[in-house]
Each structure stands twice: as C-alpha cells, then as structure tokens.
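As provided, query39.txt (compact mmCIF, N, CA and C atoms) reads as follows.
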```txt
# COMPACT_ATOMS: atom_id res chain seq x y z
N THR A 228 108.53 99.24 83.96
CA THR A 228 108.34 100.51 83.31
C THR A 228 106.86 100.90 83.29
N THR A 229 106.00 99.93 83.04
CA THR A 229 104.56 100.22 83.00
C THR A 229 104.08 100.68 84.37
N PHE A 230 104.53 100.00 85.43
CA PHE A 230 104.13 100.37 86.77
C PHE A 230 104.56 101.80 87.08
N VAL A 231 105.76 102.15 86.73
CA VAL A 231 106.27 103.50 86.98
C VAL A 231 105.44 104.53 86.22
N ARG A 232 105.09 104.21 84.98
CA ARG A 232 104.27 105.14 84.18
C ARG A 232 102.89 105.32 84.80
N TYR A 233 102.27 104.21 85.23
CA TYR A 233 100.96 104.29 85.90
C TYR A 233 101.06 105.14 87.16
N ARG A 234 102.07 104.86 87.99
CA ARG A 234 102.23 105.59 89.24
C ARG A 234 102.41 107.09 88.99
N ASN A 235 103.25 107.44 88.03
CA ASN A 235 103.46 108.85 87.71
C ASN A 235 102.18 109.51 87.22
N LEU A 236 101.44 108.80 86.40
CA LEU A 236 100.18 109.32 85.88
C LEU A 236 99.20 109.59 87.02
N VAL A 237 99.09 108.63 87.91
CA VAL A 237 98.18 108.79 89.05
C VAL A 237 98.62 109.94 89.93
N GLU A 238 99.90 109.98 90.26
CA GLU A 238 100.41 111.02 91.18
C GLU A 238 100.35 112.42 90.56
N ARG A 239 100.65 112.55 89.27
CA ARG A 239 100.73 113.87 88.66
C ARG A 239 99.41 114.40 88.12
N HIS A 240 98.54 113.48 87.68
CA HIS A 240 97.35 113.95 86.99
C HIS A 240 96.04 113.56 87.67
N LEU A 241 95.91 112.35 88.12
CA LEU A 241 94.62 111.93 88.68
C LEU A 241 94.44 112.40 90.12
N THR A 242 95.41 112.15 90.97
CA THR A 242 95.28 112.50 92.38
C THR A 242 95.03 113.99 92.62
N PRO A 243 95.76 114.89 91.96
CA PRO A 243 95.51 116.31 92.21
C PRO A 243 94.09 116.76 91.85
N HIS A 244 93.47 116.10 90.89
CA HIS A 244 92.16 116.53 90.42
C HIS A 244 90.99 115.81 91.11
N ILE A 245 91.12 114.51 91.31
CA ILE A 245 89.99 113.76 91.86
C ILE A 245 90.37 112.89 93.05
N GLY A 246 91.59 113.01 93.50
CA GLY A 246 92.08 112.16 94.59
C GLY A 246 91.36 112.35 95.91
N GLY A 247 90.77 113.51 96.12
CA GLY A 247 90.09 113.77 97.38
C GLY A 247 88.63 113.34 97.40
N LEU A 248 88.14 112.83 96.29
CA LEU A 248 86.73 112.44 96.20
C LEU A 248 86.53 111.01 96.65
N LYS A 249 85.42 110.76 97.31
CA LYS A 249 85.07 109.39 97.67
C LYS A 249 84.66 108.66 96.41
N LEU A 250 85.07 107.41 96.32
CA LEU A 250 84.84 106.62 95.12
C LEU A 250 83.37 106.58 94.71
N GLY A 251 82.49 106.38 95.64
CA GLY A 251 81.07 106.29 95.34
C GLY A 251 80.44 107.60 94.93
N LEU A 252 81.14 108.70 95.15
CA LEU A 252 80.60 110.02 94.81
C LEU A 252 81.17 110.58 93.50
N LEU A 253 82.07 109.83 92.88
CA LEU A 253 82.69 110.28 91.63
C LEU A 253 81.66 110.24 90.50
N ARG A 254 81.51 111.35 89.80
CA ARG A 254 80.52 111.47 88.73
C ARG A 254 81.22 111.81 87.41
N PRO A 255 80.58 111.51 86.28
CA PRO A 255 81.18 111.82 84.98
C PRO A 255 81.57 113.29 84.83
N ILE A 256 80.78 114.20 85.36
CA ILE A 256 81.09 115.63 85.22
C ILE A 256 82.43 115.97 85.88
N GLN A 257 82.75 115.31 86.97
CA GLN A 257 84.02 115.57 87.64
C GLN A 257 85.20 115.06 86.80
N ILE A 258 84.99 113.94 86.14
CA ILE A 258 86.04 113.40 85.27
C ILE A 258 86.20 114.29 84.05
N GLN A 259 85.09 114.73 83.48
CA GLN A 259 85.14 115.63 82.32
C GLN A 259 85.81 116.94 82.71
N THR A 260 85.52 117.45 83.89
CA THR A 260 86.16 118.67 84.38
C THR A 260 87.66 118.47 84.55
N MET A 261 88.05 117.32 85.07
CA MET A 261 89.47 116.99 85.23
C MET A 261 90.17 117.04 83.87
N LEU A 262 89.57 116.43 82.87
CA LEU A 262 90.17 116.42 81.54
C LEU A 262 90.24 117.82 80.94
N ALA A 263 89.22 118.63 81.15
CA ALA A 263 89.22 120.01 80.65
C ALA A 263 90.30 120.83 81.35
N THR A 264 90.46 120.62 82.64
CA THR A 264 91.50 121.33 83.39
C THR A 264 92.88 120.91 82.89
N MET A 265 93.05 119.63 82.65
CA MET A 265 94.33 119.15 82.12
C MET A 265 94.62 119.79 80.76
N GLU A 266 93.58 119.96 79.95
CA GLU A 266 93.77 120.60 78.65
C GLU A 266 94.19 122.06 78.83
N ARG A 267 93.54 122.76 79.77
CA ARG A 267 93.90 124.16 80.03
C ARG A 267 95.34 124.26 80.55
N GLU A 268 95.78 123.22 81.25
CA GLU A 268 97.16 123.19 81.76
C GLU A 268 98.15 122.76 80.67
N GLU A 269 97.63 122.63 79.45
CA GLU A 269 98.42 122.28 78.27
C GLU A 269 99.05 120.89 78.37
N ILE A 270 98.32 119.97 79.01
CA ILE A 270 98.73 118.58 79.04
C ILE A 270 98.22 117.95 77.75
N GLY A 271 99.09 117.24 77.07
CA GLY A 271 98.78 116.71 75.75
C GLY A 271 97.59 115.76 75.72
N ALA A 272 96.99 115.66 74.54
CA ALA A 272 95.82 114.80 74.35
C ALA A 272 96.13 113.34 74.65
N GLU A 273 97.31 112.88 74.29
CA GLU A 273 97.68 111.49 74.55
C GLU A 273 97.71 111.20 76.04
N THR A 274 98.28 112.11 76.82
CA THR A 274 98.33 111.93 78.27
C THR A 274 96.93 111.97 78.87
N ARG A 275 96.08 112.86 78.37
CA ARG A 275 94.69 112.93 78.86
C ARG A 275 93.94 111.66 78.53
N ARG A 276 94.11 111.15 77.30
CA ARG A 276 93.46 109.89 76.91
C ARG A 276 93.95 108.73 77.78
N TYR A 277 95.25 108.69 78.00
CA TYR A 277 95.84 107.62 78.80
C TYR A 277 95.35 107.72 80.25
N SER A 278 95.23 108.94 80.77
CA SER A 278 94.71 109.14 82.12
C SER A 278 93.29 108.59 82.24
N LEU A 279 92.47 108.89 81.26
CA LEU A 279 91.10 108.39 81.26
C LEU A 279 91.09 106.87 81.15
N GLN A 280 91.95 106.32 80.33
CA GLN A 280 92.02 104.88 80.15
C GLN A 280 92.42 104.18 81.46
N VAL A 281 93.42 104.70 82.14
CA VAL A 281 93.87 104.10 83.40
C VAL A 281 92.77 104.22 84.46
N LEU A 282 92.15 105.38 84.55
CA LEU A 282 91.07 105.58 85.51
C LEU A 282 89.90 104.65 85.21
N LYS A 283 89.56 104.53 83.94
CA LYS A 283 88.44 103.66 83.54
C LYS A 283 88.72 102.21 83.93
N ARG A 284 89.92 101.76 83.69
CA ARG A 284 90.28 100.38 84.04
C ARG A 284 90.22 100.17 85.55
N ALA A 285 90.74 101.12 86.31
CA ALA A 285 90.70 101.00 87.77
C ALA A 285 89.26 100.97 88.28
N LEU A 286 88.41 101.82 87.71
CA LEU A 286 87.02 101.85 88.14
C LEU A 286 86.24 100.62 87.66
N ASN A 287 86.67 100.02 86.56
CA ASN A 287 86.07 98.75 86.14
C ASN A 287 86.30 97.68 87.21
N VAL A 288 87.50 97.66 87.76
CA VAL A 288 87.81 96.71 88.83
C VAL A 288 86.96 97.03 90.06
N GLY A 289 86.84 98.31 90.39
CA GLY A 289 85.99 98.70 91.50
C GLY A 289 84.55 98.26 91.32
N GLU A 290 84.08 98.33 90.09
CA GLU A 290 82.72 97.89 89.78
C GLU A 290 82.62 96.36 89.92
N GLN A 291 83.60 95.64 89.42
CA GLN A 291 83.60 94.18 89.54
C GLN A 291 83.63 93.73 91.00
N TRP A 292 84.32 94.46 91.83
CA TRP A 292 84.44 94.11 93.24
C TRP A 292 83.27 94.63 94.07
N GLY A 293 82.33 95.32 93.44
CA GLY A 293 81.16 95.81 94.14
C GLY A 293 81.39 97.09 94.94
N LEU A 294 82.49 97.79 94.66
CA LEU A 294 82.80 99.03 95.38
C LEU A 294 82.01 100.21 94.83
N ILE A 295 81.65 100.14 93.55
CA ILE A 295 80.81 101.15 92.92
C ILE A 295 79.76 100.42 92.09
N VAL A 296 78.64 101.08 91.88
CA VAL A 296 77.55 100.47 91.11
C VAL A 296 77.83 100.53 89.62
N ARG A 297 78.34 101.67 89.16
CA ARG A 297 78.59 101.88 87.73
C ARG A 297 79.83 102.73 87.55
N ASN A 298 80.61 102.40 86.54
CA ASN A 298 81.82 103.15 86.24
C ASN A 298 81.45 104.48 85.58
N PRO A 299 81.73 105.62 86.23
CA PRO A 299 81.37 106.92 85.65
C PRO A 299 82.16 107.28 84.39
N CYS A 300 83.27 106.60 84.14
CA CYS A 300 84.06 106.89 82.95
C CYS A 300 83.34 106.51 81.67
N ARG A 301 82.38 105.62 81.76
CA ARG A 301 81.63 105.19 80.58
C ARG A 301 80.89 106.35 79.92
N SER A 302 80.56 107.36 80.70
CA SER A 302 79.79 108.49 80.18
C SER A 302 80.67 109.66 79.77
N VAL A 303 81.98 109.46 79.77
CA VAL A 303 82.91 110.55 79.45
C VAL A 303 83.54 110.29 78.08
N ASP A 304 83.51 111.30 77.24
CA ASP A 304 84.13 111.19 75.92
C ASP A 304 85.65 111.33 76.05
N ALA A 305 86.36 110.46 75.37
CA ALA A 305 87.83 110.53 75.38
C ALA A 305 88.28 111.77 74.62
N PRO A 306 89.37 112.39 75.08
CA PRO A 306 89.90 113.56 74.37
C PRO A 306 90.27 113.21 72.94
N LYS A 307 90.07 114.16 72.05
CA LYS A 307 90.39 113.96 70.63
C LYS A 307 91.86 114.22 70.40
```

Whole structure, structure tokens version:
Amino acid sequence: TTFVRYRNLVERHLTPHIGGLKLGLLRPIQIQTMLATMEREEIGAETRRYSLQVLKRALNVGEQWGLIVRNPCRSVDAPK
C-alpha cells in the first residue's frame, strides 16, 4: 500500500511539476513554486506536505549517493 501511495504521489504531483528538471539543477524556488501551484490547483495541505516529505527523502538519498551536493528541500518551508 505504501509503494502504491508513493507511486501515485510521484506520478500525479511531482512528475508533472518537476519531472523534466535535471537533478543537479533543481532549486528550492522550483520546489516552492510546485507547492504553490499545487495549492492553486486546490490540492490539500496534507498531500502537499507529504509530497515535500517524499521528495525530501528521495533527494536525501541522492545526496548520500553523491548525485547532488545539497538537498534543495531543506530550504523549502512545509505547507501549513
């Protein structure tokens, strides 16, 4: 069930907004813009928070593996 929820979240919310960006070029402003767009699309705060959480965890792994220097999600405020 968790895998299905992650996959749906990525396919419905993350990929349409930032899926075309190269990992090393992803910046906090793009993530903040994604969250603002999701809010304008009337996607609930819980889903936006969860999207940020999943993205942050994935980018933490990318940072650990040396794929990115710093996780840009650290500079993004979670939706209230």

Pick from A:Gly293, A:Glu238, A:Arg301, A:Arg275: nearest to Leu262 in chain A, with all atoms listed in the file counted?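 Nearest candidate to Leu262 in chain A out of A:Gly293, A:Glu238, A:Arg301, A:Arg275: A:Arg275.
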
Which residues are near Thr260 in chain A? Cut-off 12 Å, only C-alpha atoms, ignore same chain within fewer than 4 positions. Put them as a ChimeraX atom specification. /A:241,244-245,253-256,264-267,275,279,303-304,306

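We find CA of Leu236 in chain A and atom C of Tyr277 in chain A to be spaced 7.6 Å apart.
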
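Note that atom N of Asn287 in chain A and atom N of Lys307 in chain A are 20.5 Å apart.
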
Quick check, in Å to one decimal: how far apart do atom C of Leu286 in chain A and CA of Asn298 in chain A lie?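 Atom-to-atom, atom C of Leu286 in chain A and CA of Asn298 in chain A are spaced 5.3 Å apart.
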
Considering only C-alpha atoms, can you say which of A:Cys300, A:Leu248, A:Ala305, A:Ala263 comes closest to Arg284 in chain A?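 Distance minimum relative to Arg284 in chain A lands on A:Cys300.
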
At a cut-off of 8 Å, using only N, CA and C atoms, what residues contact Leu294 in chain A? Leave out same-chain residues fewer than 6 positions from it and give the result as a ChimeraX atom specification. /A:250-251,288

Selected residues written out with N, CA and C atoms, as a PDB file, in the frame of the given file:
```
ATOM      1  N   LEU A 250      85.070 107.410  96.320  1.00  0.00           N
ATOM      2  CA  LEU A 250      84.840 106.620  95.120  1.00  0.00           C
ATOM      3  C   LEU A 250      83.370 106.580  94.710  1.00  0.00           C
ATOM      4  N   GLY A 251      82.490 106.380  95.640  1.00  0.00           N
ATOM      5  CA  GLY A 251      81.070 106.290  95.340  1.00  0.00           C
ATOM      6  C   GLY A 251      80.440 107.600  94.930  1.00  0.00           C
ATOM      7  N   VAL A 288      87.500  97.660  87.760  1.00  0.00           N
ATOM      8  CA  VAL A 288      87.810  96.710  88.830  1.00  0.00           C
ATOM      9  C   VAL A 288      86.960  97.030  90.060  1.00  0.00           C
TER      10      VAL A 288
END
```

Only N, CA, C and O atoms, please: range 233-270 of chain A from the block, as a short mmCIF file (atom, residue, chain, number, x, y, z; two decimals), in the first residue's frame.
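Saved the output as result-v5.cif:
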```cif
data_model
loop_
_atom_site.label_atom_id
_atom_site.label_comp_id
_atom_site.auth_asym_id
_atom_site.auth_seq_id
_atom_site.Cartn_x
_atom_site.Cartn_y
_atom_site.Cartn_z
N TYR A 233 3.17 6.06 -2.74
CA TYR A 233 4.34 6.80 -3.22
C TYR A 233 4.29 6.96 -4.74
O TYR A 233 4.52 8.03 -5.27
N ARG A 234 4.03 5.86 -5.44
CA ARG A 234 3.99 5.90 -6.90
C ARG A 234 2.93 6.88 -7.41
O ARG A 234 3.18 7.69 -8.30
N ASN A 235 1.75 6.83 -6.82
CA ASN A 235 0.68 7.75 -7.22
C ASN A 235 1.07 9.20 -6.96
O ASN A 235 0.81 10.08 -7.78
N LEU A 236 1.68 9.44 -5.82
CA LEU A 236 2.12 10.78 -5.47
C LEU A 236 3.14 11.30 -6.49
O LEU A 236 3.03 12.43 -6.97
N VAL A 237 4.09 10.47 -6.81
CA VAL A 237 5.12 10.86 -7.78
C VAL A 237 4.50 11.11 -9.15
O VAL A 237 4.76 12.13 -9.79
N GLU A 238 3.66 10.19 -9.60
CA GLU A 238 3.07 10.30 -10.94
C GLU A 238 2.10 11.48 -11.05
O GLU A 238 2.07 12.16 -12.08
N ARG A 239 1.30 11.73 -10.01
CA ARG A 239 0.27 12.76 -10.10
C ARG A 239 0.74 14.16 -9.73
O ARG A 239 0.21 15.15 -10.23
N HIS A 240 1.72 14.23 -8.82
CA HIS A 240 2.07 15.54 -8.30
C HIS A 240 3.51 15.97 -8.57
O HIS A 240 3.74 17.12 -8.93
N LEU A 241 4.46 15.09 -8.38
CA LEU A 241 5.85 15.50 -8.53
C LEU A 241 6.29 15.54 -10.00
O LEU A 241 6.84 16.55 -10.46
N THR A 242 6.04 14.48 -10.73
CA THR A 242 6.49 14.41 -12.12
C THR A 242 5.94 15.53 -13.00
O THR A 242 6.70 16.14 -13.75
N PRO A 243 4.64 15.85 -12.92
CA PRO A 243 4.14 16.93 -13.78
C PRO A 243 4.80 18.28 -13.51
O PRO A 243 4.92 19.11 -14.42
N HIS A 244 5.25 18.52 -12.30
CA HIS A 244 5.79 19.82 -11.94
C HIS A 244 7.31 19.91 -12.08
O HIS A 244 7.83 20.92 -12.53
N ILE A 245 8.02 18.87 -11.66
CA ILE A 245 9.48 18.96 -11.67
C ILE A 245 10.15 17.77 -12.35
O ILE A 245 11.37 17.67 -12.37
N GLY A 246 9.36 16.90 -12.93
CA GLY A 246 9.89 15.69 -13.54
C GLY A 246 10.83 15.93 -14.71
O GLY A 246 11.70 15.10 -14.99
N GLY A 247 10.71 17.06 -15.37
CA GLY A 247 11.55 17.34 -16.52
C GLY A 247 12.87 18.01 -16.18
O GLY A 247 13.69 18.24 -17.07
N LEU A 248 13.08 18.30 -14.91
CA LEU A 248 14.30 19.00 -14.50
C LEU A 248 15.42 18.02 -14.19
O LEU A 248 15.18 16.96 -13.63
N LYS A 249 16.63 18.41 -14.54
CA LYS A 249 17.78 17.59 -14.18
C LYS A 249 18.01 17.72 -12.68
O LYS A 249 17.87 18.80 -12.10
N LEU A 250 18.36 16.61 -12.06
CA LEU A 250 18.50 16.56 -10.61
C LEU A 250 19.44 17.64 -10.07
O LEU A 250 19.12 18.33 -9.11
N GLY A 251 20.56 17.82 -10.70
CA GLY A 251 21.54 18.79 -10.23
C GLY A 251 21.12 20.23 -10.41
O GLY A 251 21.72 21.14 -9.84
N LEU A 252 20.08 20.46 -11.21
CA LEU A 252 19.61 21.83 -11.46
C LEU A 252 18.37 22.20 -10.64
O LEU A 252 17.88 23.31 -10.73
N LEU A 253 17.88 21.26 -9.85
CA LEU A 253 16.69 21.51 -9.03
C LEU A 253 17.03 22.48 -7.91
O LEU A 253 17.99 22.28 -7.16
N ARG A 254 16.26 23.55 -7.80
CA ARG A 254 16.50 24.59 -6.81
C ARG A 254 15.28 24.74 -5.88
O ARG A 254 14.15 24.40 -6.27
N PRO A 255 15.48 25.28 -4.69
CA PRO A 255 14.36 25.46 -3.75
C PRO A 255 13.20 26.25 -4.35
O PRO A 255 12.04 25.93 -4.08
N ILE A 256 13.48 27.26 -5.16
CA ILE A 256 12.41 28.07 -5.74
C ILE A 256 11.49 27.23 -6.62
O ILE A 256 10.28 27.44 -6.66
N GLN A 257 12.05 26.25 -7.30
CA GLN A 257 11.23 25.38 -8.15
C GLN A 257 10.32 24.49 -7.31
O GLN A 257 9.17 24.24 -7.68
N ILE A 258 10.83 24.04 -6.18
CA ILE A 258 10.03 23.21 -5.29
C ILE A 258 8.93 24.06 -4.65
O ILE A 258 7.78 23.65 -4.55
N GLN A 259 9.29 25.27 -4.23
CA GLN A 259 8.31 26.18 -3.64
C GLN A 259 7.23 26.53 -4.67
O GLN A 259 6.04 26.58 -4.34
N THR A 260 7.62 26.74 -5.91
CA THR A 260 6.67 27.02 -6.98
C THR A 260 5.74 25.82 -7.21
O THR A 260 4.54 25.99 -7.41
N MET A 261 6.30 24.62 -7.17
CA MET A 261 5.50 23.41 -7.31
C MET A 261 4.42 23.36 -6.22
O MET A 261 3.24 23.11 -6.50
N LEU A 262 4.81 23.62 -4.99
CA LEU A 262 3.86 23.59 -3.88
C LEU A 262 2.79 24.68 -4.02
O LEU A 262 1.61 24.44 -3.74
N ALA A 263 3.19 25.85 -4.47
CA ALA A 263 2.22 26.94 -4.68
C ALA A 263 1.24 26.59 -5.80
O ALA A 263 0.05 26.86 -5.69
N THR A 264 1.74 25.98 -6.85
CA THR A 264 0.88 25.55 -7.95
C THR A 264 -0.10 24.48 -7.47
O THR A 264 -1.28 24.52 -7.82
N MET A 265 0.39 23.56 -6.68
CA MET A 265 -0.49 22.52 -6.13
C MET A 265 -1.59 23.15 -5.28
O MET A 265 -2.74 22.72 -5.32
N GLU A 266 -1.23 24.19 -4.52
CA GLU A 266 -2.24 24.88 -3.71
C GLU A 266 -3.28 25.56 -4.59
O GLU A 266 -4.48 25.48 -4.32
N ARG A 267 -2.82 26.20 -5.67
CA ARG A 267 -3.76 26.84 -6.60
C ARG A 267 -4.68 25.81 -7.26
O ARG A 267 -5.82 26.11 -7.61
N GLU A 268 -4.16 24.60 -7.44
CA GLU A 268 -4.95 23.51 -8.02
C GLU A 268 -5.86 22.86 -6.97
O GLU A 268 -6.51 21.86 -7.24
N GLU A 269 -5.89 23.46 -5.78
CA GLU A 269 -6.73 23.03 -4.67
C GLU A 269 -6.38 21.63 -4.18
O GLU A 269 -7.25 20.87 -3.75
N ILE A 270 -5.09 21.30 -4.23
CA ILE A 270 -4.61 20.06 -3.65
C ILE A 270 -4.39 20.33 -2.17
O ILE A 270 -3.78 21.34 -1.81
#
```
